[in-house]
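Novice: Hey, dropping final_5.csv in here, CSV, N, CA and C atoms:
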```csv
chain,number,residue,atom,x,y,z
H,1073,MET,N,7.5,-19.9,26.3
H,1073,MET,CA,8.9,-20.0,26.7
H,1073,MET,C,9.8,-19.6,25.5
H,1074,TRP,N,10.8,-18.7,25.8
H,1074,TRP,CA,11.7,-18.2,24.8
H,1074,TRP,C,12.7,-19.2,24.4
H,1075,SER,N,13.0,-19.3,23.1
H,1075,SER,CA,13.9,-20.4,22.6
H,1075,SER,C,14.7,-19.8,21.4
H,1076,LEU,N,15.9,-20.2,21.3
H,1076,LEU,CA,16.7,-19.8,20.1
H,1076,LEU,C,16.1,-20.4,18.9
H,1077,VAL,N,15.6,-21.6,19.0
H,1077,VAL,CA,15.0,-22.2,17.8
H,1077,VAL,C,13.9,-21.3,17.3
H,1078,ASP,N,13.0,-20.9,18.2
H,1078,ASP,CA,11.9,-20.1,17.8
H,1078,ASP,C,12.3,-18.7,17.3
H,1079,MET,N,13.5,-18.2,17.8
H,1079,MET,CA,14.0,-17.0,17.3
H,1079,MET,C,14.4,-17.0,15.8
H,1080,TRP,N,15.0,-18.1,15.4
H,1080,TRP,CA,15.4,-18.2,14.0
H,1080,TRP,C,14.4,-18.9,13.2
H,1081,TYR,N,13.7,-19.8,13.7
H,1081,TYR,CA,12.6,-20.6,13.0
H,1081,TYR,C,11.3,-20.5,13.8
H,1082,PRO,N,10.5,-19.4,13.6
H,1082,PRO,CA,9.3,-19.3,14.3
H,1082,PRO,C,8.4,-20.4,14.2
H,1083,GLY,N,7.9,-20.9,15.3
H,1083,GLY,CA,6.9,-22.0,15.4
H,1083,GLY,C,7.5,-23.4,15.3
H,1084,GLU,N,8.8,-23.5,15.3
H,1084,GLU,CA,9.4,-24.8,15.1
H,1084,GLU,C,9.3,-25.6,16.4
H,1085,THR,N,9.3,-25.0,17.6
H,1085,THR,CA,9.1,-25.7,18.8
H,1085,THR,C,7.7,-26.3,18.9
H,1086,ASN,N,6.7,-25.5,18.5
H,1086,ASN,CA,5.4,-26.1,18.5
H,1086,ASN,C,5.2,-27.2,17.5
H,1087,ARG,N,5.9,-27.0,16.4
H,1087,ARG,CA,5.8,-28.1,15.4
H,1087,ARG,C,6.5,-29.4,15.9
H,1088,GLY,N,7.6,-29.2,16.6
H,1088,GLY,CA,8.2,-30.4,17.2
H,1088,GLY,C,7.4,-31.1,18.2
H,1089,LEU,N,6.7,-30.3,19.0
H,1089,LEU,CA,5.8,-30.9,20.0
H,1089,LEU,C,4.6,-31.7,19.3
H,1090,GLU,N,4.1,-31.1,18.3
H,1090,GLU,CA,3.0,-31.7,17.5
H,1090,GLU,C,3.5,-33.1,16.9
H,1091,LEU,N,4.7,-33.0,16.4
H,1091,LEU,CA,5.3,-34.2,15.8
H,1091,LEU,C,5.5,-35.3,16.8
H,1092,GLU,N,6.0,-34.9,18.0
H,1092,GLU,CA,6.2,-35.9,19.1
H,1092,GLU,C,4.8,-36.5,19.5
H,1093,LYS,N,3.8,-35.7,19.5
H,1093,LYS,CA,2.4,-36.3,19.8
H,1093,LYS,C,2.0,-37.3,18.8
H,1094,LYS,N,2.2,-36.9,17.5
H,1094,LYS,CA,1.9,-37.8,16.4
H,1094,LYS,C,2.7,-39.1,16.5
H,1095,ASN,N,4.0,-39.0,16.8
H,1095,ASN,CA,4.8,-40.2,16.9
H,1095,ASN,C,4.4,-41.1,18.1
H,1096,ALA,N,4.0,-40.5,19.2
H,1096,ALA,CA,3.5,-41.3,20.3
H,1096,ALA,C,2.2,-42.0,19.9
H,1097,GLU,N,1.3,-41.3,19.2
H,1097,GLU,CA,0.1,-41.9,18.7
H,1097,GLU,C,0.3,-43.1,17.7
H,1098,LEU,N,1.3,-42.9,16.8
H,1098,LEU,CA,1.7,-44.0,15.9
H,1098,LEU,C,2.2,-45.2,16.7
H,1099,GLU,N,3.0,-44.9,17.7
H,1099,GLU,CA,3.6,-46.0,18.5
H,1099,GLU,C,2.5,-46.8,19.2
H,1100,LYS,N,1.5,-46.0,19.7
H,1100,LYS,CA,0.4,-46.7,20.4
H,1100,LYS,C,-0.4,-47.6,19.4
H,1101,ARG,N,-0.5,-47.1,18.2
H,1101,ARG,CA,-1.2,-47.9,17.2
H,1101,ARG,C,-0.4,-49.1,16.8
H,1102,ARG,N,0.9,-49.0,16.7
H,1102,ARG,CA,1.7,-50.2,16.4
H,1102,ARG,C,1.7,-51.2,17.5
H,1103,VAL,N,1.7,-50.8,18.7
H,1103,VAL,CA,1.5,-51.7,19.8
H,1103,VAL,C,0.2,-52.4,19.8
H,1104,ALA,N,-0.9,-51.6,19.6
H,1104,ALA,CA,-2.3,-52.1,19.5
H,1104,ALA,C,-2.4,-53.1,18.4
H,1105,ALA,N,-1.8,-52.9,17.3
H,1105,ALA,CA,-1.9,-53.8,16.1
H,1105,ALA,C,-1.0,-55.0,16.3
H,1106,GLY,N,-0.2,-55.0,17.3
H,1106,GLY,CA,0.7,-56.2,17.5
H,1106,GLY,C,2.0,-56.2,16.7
H,1107,ILE,N,2.2,-55.0,16.0
H,1107,ILE,CA,3.5,-54.9,15.3
H,1107,ILE,C,4.6,-54.8,16.2
H,1108,ASP,N,4.5,-53.9,17.2
H,1108,ASP,CA,5.5,-53.8,18.2
H,1108,ASP,C,5.0,-54.3,19.5
H,1109,THR,N,5.6,-55.3,20.1
H,1109,THR,CA,5.1,-55.8,21.4
H,1109,THR,C,6.0,-55.2,22.5
H,1110,PRO,N,5.5,-55.2,23.7
H,1110,PRO,CA,6.3,-54.7,24.8
H,1110,PRO,C,7.6,-55.6,24.9
H,1111,GLU,N,7.5,-56.9,24.6
H,1111,GLU,CA,8.6,-57.8,24.7
H,1111,GLU,C,9.7,-57.4,23.7
H,1112,TRP,N,9.2,-57.1,22.5
H,1112,TRP,CA,10.1,-56.7,21.4
H,1112,TRP,C,10.8,-55.4,21.8
H,1113,GLY,N,10.1,-54.4,22.3
H,1113,GLY,CA,10.7,-53.2,22.8
H,1113,GLY,C,11.7,-53.4,23.9
H,1114,ALA,N,11.4,-54.3,24.8
H,1114,ALA,CA,12.3,-54.6,25.9
H,1114,ALA,C,13.6,-55.3,25.4
H,1115,ALA,N,13.4,-56.1,24.4
H,1115,ALA,CA,14.6,-56.8,23.8
H,1115,ALA,C,15.5,-55.8,23.1
H,1116,GLN,N,14.8,-54.8,22.4
H,1116,GLN,CA,15.6,-53.8,21.7
H,1116,GLN,C,16.4,-52.9,22.8
H,1117,MET,N,15.7,-52.6,23.8
H,1117,MET,CA,16.4,-51.8,24.9
H,1117,MET,C,17.5,-52.6,25.5
H,1118,ASP,N,17.3,-53.9,25.8
H,1118,ASP,CA,18.4,-54.7,26.3
H,1118,ASP,C,19.6,-54.7,25.4
H,1119,ALA,N,19.3,-54.9,24.1
H,1119,ALA,CA,20.4,-55.0,23.2
H,1119,ALA,C,21.2,-53.6,23.1
H,1120,PHE,N,20.4,-52.5,23.2
H,1120,PHE,CA,21.0,-51.2,23.2
H,1120,PHE,C,21.9,-51.0,24.4
H,1121,ASN,N,21.3,-51.4,25.6
H,1121,ASN,CA,22.0,-51.2,26.8
H,1121,ASN,C,23.3,-52.1,26.9
H,1122,ALA,N,23.2,-53.3,26.3
H,1122,ALA,CA,24.3,-54.2,26.3
H,1122,ALA,C,25.4,-53.7,25.4
H,1123,ASN,N,25.1,-53.2,24.2
H,1123,ASN,CA,26.1,-52.8,23.2
H,1123,ASN,C,26.4,-51.3,23.3
H,1124,GLY,N,25.3,-50.5,23.5
H,1124,GLY,CA,25.5,-49.1,23.6
H,1124,GLY,C,25.7,-48.5,22.3
H,1125,PRO,N,25.5,-47.2,22.2
H,1125,PRO,CA,25.7,-46.5,20.9
H,1125,PRO,C,27.2,-46.4,20.5
H,1126,GLY,N,28.1,-46.7,21.5
H,1126,GLY,CA,29.5,-46.6,21.2
H,1126,GLY,C,29.9,-47.6,20.2
H,1127,THR,N,29.2,-48.7,20.1
H,1127,THR,CA,29.6,-49.8,19.1
H,1127,THR,C,29.6,-49.2,17.7
H,1128,TYR,N,28.5,-48.5,17.4
H,1128,TYR,CA,28.3,-48.0,16.1
H,1128,TYR,C,29.1,-46.7,15.9
H,1129,ASP,N,29.1,-45.9,17.0
H,1129,ASP,CA,29.9,-44.6,16.9
H,1129,ASP,C,31.3,-44.8,16.6
H,1130,SER,N,31.9,-45.8,17.2
H,1130,SER,CA,33.4,-46.1,17.0
H,1130,SER,C,33.6,-46.6,15.6
H,1131,GLU,N,32.7,-47.4,15.1
H,1131,GLU,CA,32.9,-47.9,13.7
H,1131,GLU,C,32.8,-46.8,12.7
H,1132,ILE,N,31.8,-45.9,12.9
H,1132,ILE,CA,31.5,-44.8,12.0
H,1132,ILE,C,32.7,-43.8,12.1
H,1133,SER,N,33.1,-43.5,13.3
H,1133,SER,CA,34.2,-42.6,13.5
H,1133,SER,C,35.5,-43.1,12.9
H,1134,GLN,N,35.8,-44.4,13.0
H,1134,GLN,CA,37.0,-44.9,12.4
H,1134,GLN,C,36.9,-44.9,10.9
H,1135,ALA,N,35.7,-45.2,10.3
H,1135,ALA,CA,35.5,-45.2,8.9
H,1135,ALA,C,35.7,-43.8,8.4
H,1136,PHE,N,35.1,-42.8,9.1
H,1136,PHE,CA,35.2,-41.4,8.7
H,1136,PHE,C,36.7,-40.9,8.7
H,1137,ALA,N,37.4,-41.3,9.8
H,1137,ALA,CA,38.8,-40.9,9.9
H,1137,ALA,C,39.6,-41.5,8.7
H,1138,ASP,N,39.4,-42.8,8.4
H,1138,ASP,CA,40.1,-43.5,7.3
H,1138,ASP,C,39.8,-42.8,6.0
H,1139,GLY,N,38.5,-42.5,5.8
H,1139,GLY,CA,38.1,-41.8,4.5
H,1139,GLY,C,38.7,-40.4,4.4
H,1140,ALA,N,38.8,-39.7,5.5
H,1140,ALA,CA,39.3,-38.3,5.5
H,1140,ALA,C,40.8,-38.4,5.2
H,1141,LYS,N,41.5,-39.4,5.8
H,1141,LYS,CA,43.0,-39.5,5.6
H,1141,LYS,C,43.2,-39.8,4.1
H,1142,GLN,N,42.4,-40.7,3.6
H,1142,GLN,CA,42.6,-41.1,2.2
H,1142,GLN,C,42.3,-39.9,1.3
H,1143,GLY,N,41.2,-39.2,1.6
H,1143,GLY,CA,40.8,-38.1,0.7
H,1143,GLY,C,41.8,-37.0,0.8
H,1144,LEU,N,42.4,-36.7,2.0
H,1144,LEU,CA,43.4,-35.7,2.1
H,1144,LEU,C,44.7,-36.1,1.3
H,1145,ALA,N,45.0,-37.4,1.4
H,1145,ALA,CA,46.2,-37.8,0.7
H,1145,ALA,C,46.0,-37.7,-0.8
H,1146,ASP,N,44.8,-38.0,-1.3
H,1146,ASP,CA,44.5,-38.0,-2.7
H,1146,ASP,C,44.3,-36.6,-3.3
H,1147,MET,N,43.9,-35.7,-2.5
H,1147,MET,CA,43.4,-34.4,-2.9
H,1147,MET,C,44.5,-33.5,-3.7
H,1148,PRO,N,45.7,-33.4,-3.1
H,1148,PRO,CA,46.6,-32.5,-3.8
H,1148,PRO,C,46.9,-32.9,-5.3
H,1149,GLY,N,47.0,-34.2,-5.5
H,1149,GLY,CA,47.3,-34.7,-6.9
H,1149,GLY,C,46.1,-34.4,-7.8
H,1150,ASN,N,44.9,-34.6,-7.3
H,1150,ASN,CA,43.7,-34.4,-8.0
H,1150,ASN,C,43.5,-32.9,-8.3
H,1151,VAL,N,43.8,-32.1,-7.3
H,1151,VAL,CA,43.7,-30.6,-7.6
H,1151,VAL,C,44.7,-30.1,-8.6
H,1152,ARG,N,45.9,-30.6,-8.5
H,1152,ARG,CA,46.9,-30.2,-9.4
H,1152,ARG,C,46.6,-30.7,-10.8
H,1153,SER,N,46.1,-31.9,-11.0
H,1153,SER,CA,45.8,-32.4,-12.3
H,1153,SER,C,44.6,-31.6,-12.9
H,1154,ALA,N,43.6,-31.3,-12.0
H,1154,ALA,CA,42.4,-30.6,-12.5
H,1154,ALA,C,42.8,-29.2,-12.9
H,1155,LEU,N,43.6,-28.5,-12.2
H,1155,LEU,CA,44.1,-27.2,-12.6
H,1155,LEU,C,45.0,-27.3,-13.8
H,1156,GLY,N,45.8,-28.3,-13.8
H,1156,GLY,CA,46.7,-28.4,-15.0
H,1156,GLY,C,46.0,-28.7,-16.3
H,1157,THR,N,45.0,-29.5,-16.2
H,1157,THR,CA,44.3,-29.8,-17.5
H,1157,THR,C,43.2,-28.8,-17.9
H,1158,ALA,N,42.4,-28.4,-16.9
H,1158,ALA,CA,41.3,-27.6,-17.3
H,1158,ALA,C,41.6,-26.1,-17.4
H,1159,THR,N,42.5,-25.6,-16.5
H,1159,THR,CA,42.7,-24.2,-16.6
H,1159,THR,C,44.2,-23.8,-16.8
H,1160,GLY,N,45.0,-24.8,-16.8
H,1160,GLY,CA,46.5,-24.6,-16.9
H,1160,GLY,C,46.8,-23.9,-18.2
H,1161,TRP,N,46.2,-24.3,-19.3
H,1161,TRP,CA,46.5,-23.7,-20.6
H,1161,TRP,C,46.0,-22.2,-20.6
H,1162,THR,N,44.9,-22.0,-19.9
H,1162,THR,CA,44.3,-20.6,-19.9
H,1162,THR,C,45.3,-19.7,-19.1
H,1163,LEU,N,45.8,-20.2,-17.9
H,1163,LEU,CA,46.6,-19.4,-17.1
H,1163,LEU,C,48.0,-19.1,-17.8
H,1164,SER,N,48.4,-20.1,-18.5
H,1164,SER,CA,49.7,-19.9,-19.2
H,1164,SER,C,49.6,-19.2,-20.5
H,1165,PHE,N,48.4,-19.0,-21.0
H,1165,PHE,CA,48.2,-18.3,-22.3
H,1165,PHE,C,48.6,-16.8,-22.2
H,1166,MET,N,48.4,-16.2,-21.0
H,1166,MET,CA,48.7,-14.8,-20.9
H,1166,MET,C,49.7,-14.6,-19.8
H,1167,PRO,N,50.7,-13.6,-19.9
H,1167,PRO,CA,51.7,-13.4,-18.9
H,1167,PRO,C,51.0,-12.9,-17.6
H,1168,TRP,N,51.8,-12.9,-16.5
H,1168,TRP,CA,51.2,-12.6,-15.2
H,1168,TRP,C,50.8,-11.1,-15.2
H,1169,TRP,N,51.5,-10.2,-15.8
H,1169,TRP,CA,51.1,-8.8,-15.8
H,1169,TRP,C,49.8,-8.6,-16.6
H,1170,GLY,N,49.6,-9.4,-17.6
H,1170,GLY,CA,48.3,-9.3,-18.3
H,1170,GLY,C,47.1,-9.6,-17.5
H,1171,TRP,N,47.3,-10.6,-16.6
H,1171,TRP,CA,46.2,-10.9,-15.6
H,1171,TRP,C,45.9,-9.7,-14.7
H,1172,GLY,N,47.0,-9.0,-14.3
H,1172,GLY,CA,46.9,-7.8,-13.4
H,1172,GLY,C,46.1,-6.7,-14.2
H,1173,VAL,N,46.5,-6.4,-15.4
H,1173,VAL,CA,45.8,-5.4,-16.2
H,1173,VAL,C,44.3,-5.8,-16.4
H,1174,LEU,N,44.1,-7.1,-16.7
H,1174,LEU,CA,42.7,-7.6,-16.9
H,1174,LEU,C,41.9,-7.4,-15.6
H,1175,ALA,N,42.5,-7.7,-14.4
H,1175,ALA,CA,41.8,-7.5,-13.1
H,1175,ALA,C,41.5,-6.0,-12.9
H,1176,ILE,N,42.4,-5.1,-13.1
H,1176,ILE,CA,42.1,-3.7,-12.9
H,1176,ILE,C,41.1,-3.2,-13.9
H,1177,GLY,N,41.1,-3.6,-15.2
H,1177,GLY,CA,40.1,-3.3,-16.1
H,1177,GLY,C,38.7,-3.8,-15.7
H,1178,LEU,N,38.7,-5.0,-15.2
H,1178,LEU,CA,37.4,-5.6,-14.8
H,1178,LEU,C,36.9,-4.8,-13.6
H,1179,PHE,N,37.8,-4.4,-12.7
H,1179,PHE,CA,37.4,-3.6,-11.5
H,1179,PHE,C,36.8,-2.3,-11.9
H,1180,VAL,N,37.4,-1.6,-12.8
H,1180,VAL,CA,36.9,-0.3,-13.3
H,1180,VAL,C,35.6,-0.5,-14.0
H,1181,TRP,N,35.5,-1.5,-14.9
H,1181,TRP,CA,34.3,-1.8,-15.7
H,1181,TRP,C,33.1,-2.1,-14.8
H,1182,MET,N,33.3,-2.8,-13.6
H,1182,MET,CA,32.3,-3.2,-12.7
H,1182,MET,C,31.9,-2.1,-11.8
H,1183,GLY,N,32.5,-0.9,-11.9
H,1183,GLY,CA,32.1,0.2,-11.1
H,1183,GLY,C,33.0,0.5,-9.9
H,1184,GLY,N,34.2,-0.1,-9.9
H,1184,GLY,CA,35.1,0.1,-8.8
H,1184,GLY,C,35.7,1.6,-8.8
H,1185,ALA,N,35.8,2.2,-10.0
H,1185,ALA,CA,36.3,3.6,-10.1
H,1185,ALA,C,35.4,4.5,-9.3
H,1186,ASP,N,34.1,4.3,-9.4
H,1186,ASP,CA,33.1,5.1,-8.7
H,1186,ASP,C,33.3,5.0,-7.2
H,1187,LEU,N,33.7,3.8,-6.7
H,1187,LEU,CA,33.9,3.5,-5.3
H,1187,LEU,C,35.1,4.3,-4.8
H,1188,LEU,N,36.1,4.4,-5.7
H,1188,LEU,CA,37.4,5.0,-5.3
H,1188,LEU,C,37.4,6.5,-5.5
H,1189,ARG,N,36.4,7.0,-6.2
H,1189,ARG,CA,36.4,8.5,-6.5
H,1189,ARG,C,36.3,9.2,-5.2
H,1190,GLY,N,37.2,10.1,-5.0
H,1190,GLY,CA,37.2,10.9,-3.7
H,1190,GLY,C,38.1,10.3,-2.7
H,1191,SER,N,38.2,9.1,-2.6
H,1191,SER,CA,39.1,8.5,-1.6
H,1191,SER,C,40.6,8.6,-1.9
H,1192,LEU,N,40.9,8.8,-3.2
H,1192,LEU,CA,42.3,8.9,-3.6
H,1192,LEU,C,42.7,10.4,-3.7
H,1193,SER,N,41.8,11.3,-3.7
H,1193,SER,CA,42.1,12.7,-3.8
H,1193,SER,C,42.8,13.2,-2.5
H,1194,ARG,N,43.6,14.3,-2.7
H,1194,ARG,CA,44.3,14.9,-1.6
H,1194,ARG,C,43.3,15.7,-0.8
H,1195,LYS,N,43.5,15.7,0.5
H,1195,LYS,CA,42.6,16.4,1.4
H,1195,LYS,C,43.2,17.5,2.0
```
Output the file's structure in the form of structure tokens.
Specialist:
Amino acid sequence: MWSLVDMWYPGETNRGLELEKKNAELEKRRVAAGIDTPEWGAAQMDAFNANGPGTYDSEISQAFADGAKQGLADMPGNVRSALGTATGWTLSFMPWWGWGVLAIGLFVWMGGADLLRGSLSRK
């Protein structure tokens, strides 16, 4: 069967099937050893059905939203202070036109003039 997963990650579907078989075997061994009893599994399913995944999803979503709001509120000040302390003196050391000359010089030095050769000539 053709799959996008196999297209980008060859053999991943087969690997997933093998892992599912191993997981089923481990589950059978846990039940046989008495670690997981059918009653325990039923109690877990009852608790899941009673509470549902929404209980945890809503808590996690709310915590994520609160953290994102706080991070967004704090970020501009942190970015400004980081730029101001670490690179602010470097940026103010040279006038704006000096940075332009430096950028053009770096472009030519890195081979940019070869890229432009012929494209600027009259045709």
Novice: Can you tell me how far CA of Leu1091 (chain H) sits from atom N of Trp1112 (chain H), in Å to one decimal?
Specialist: 24.2 Å
Novice: Between CA of Phe1136 (chain H) and CA of Met1117 (chain H), measure the distance and give it in Å to one decimal.
Specialist: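 Taking CA of Phe1136 (chain H) and CA of Met1117 (chain H), their separation equals 26.9 Å.
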Novice: Would you mind telling me which residue in H:Gly1083, H:Pro1167, H:Gly1113, H:Asp1186 lies nearest to Glu1099 (chain H) when using only C-alpha atoms?
Specialist: H:Gly1113
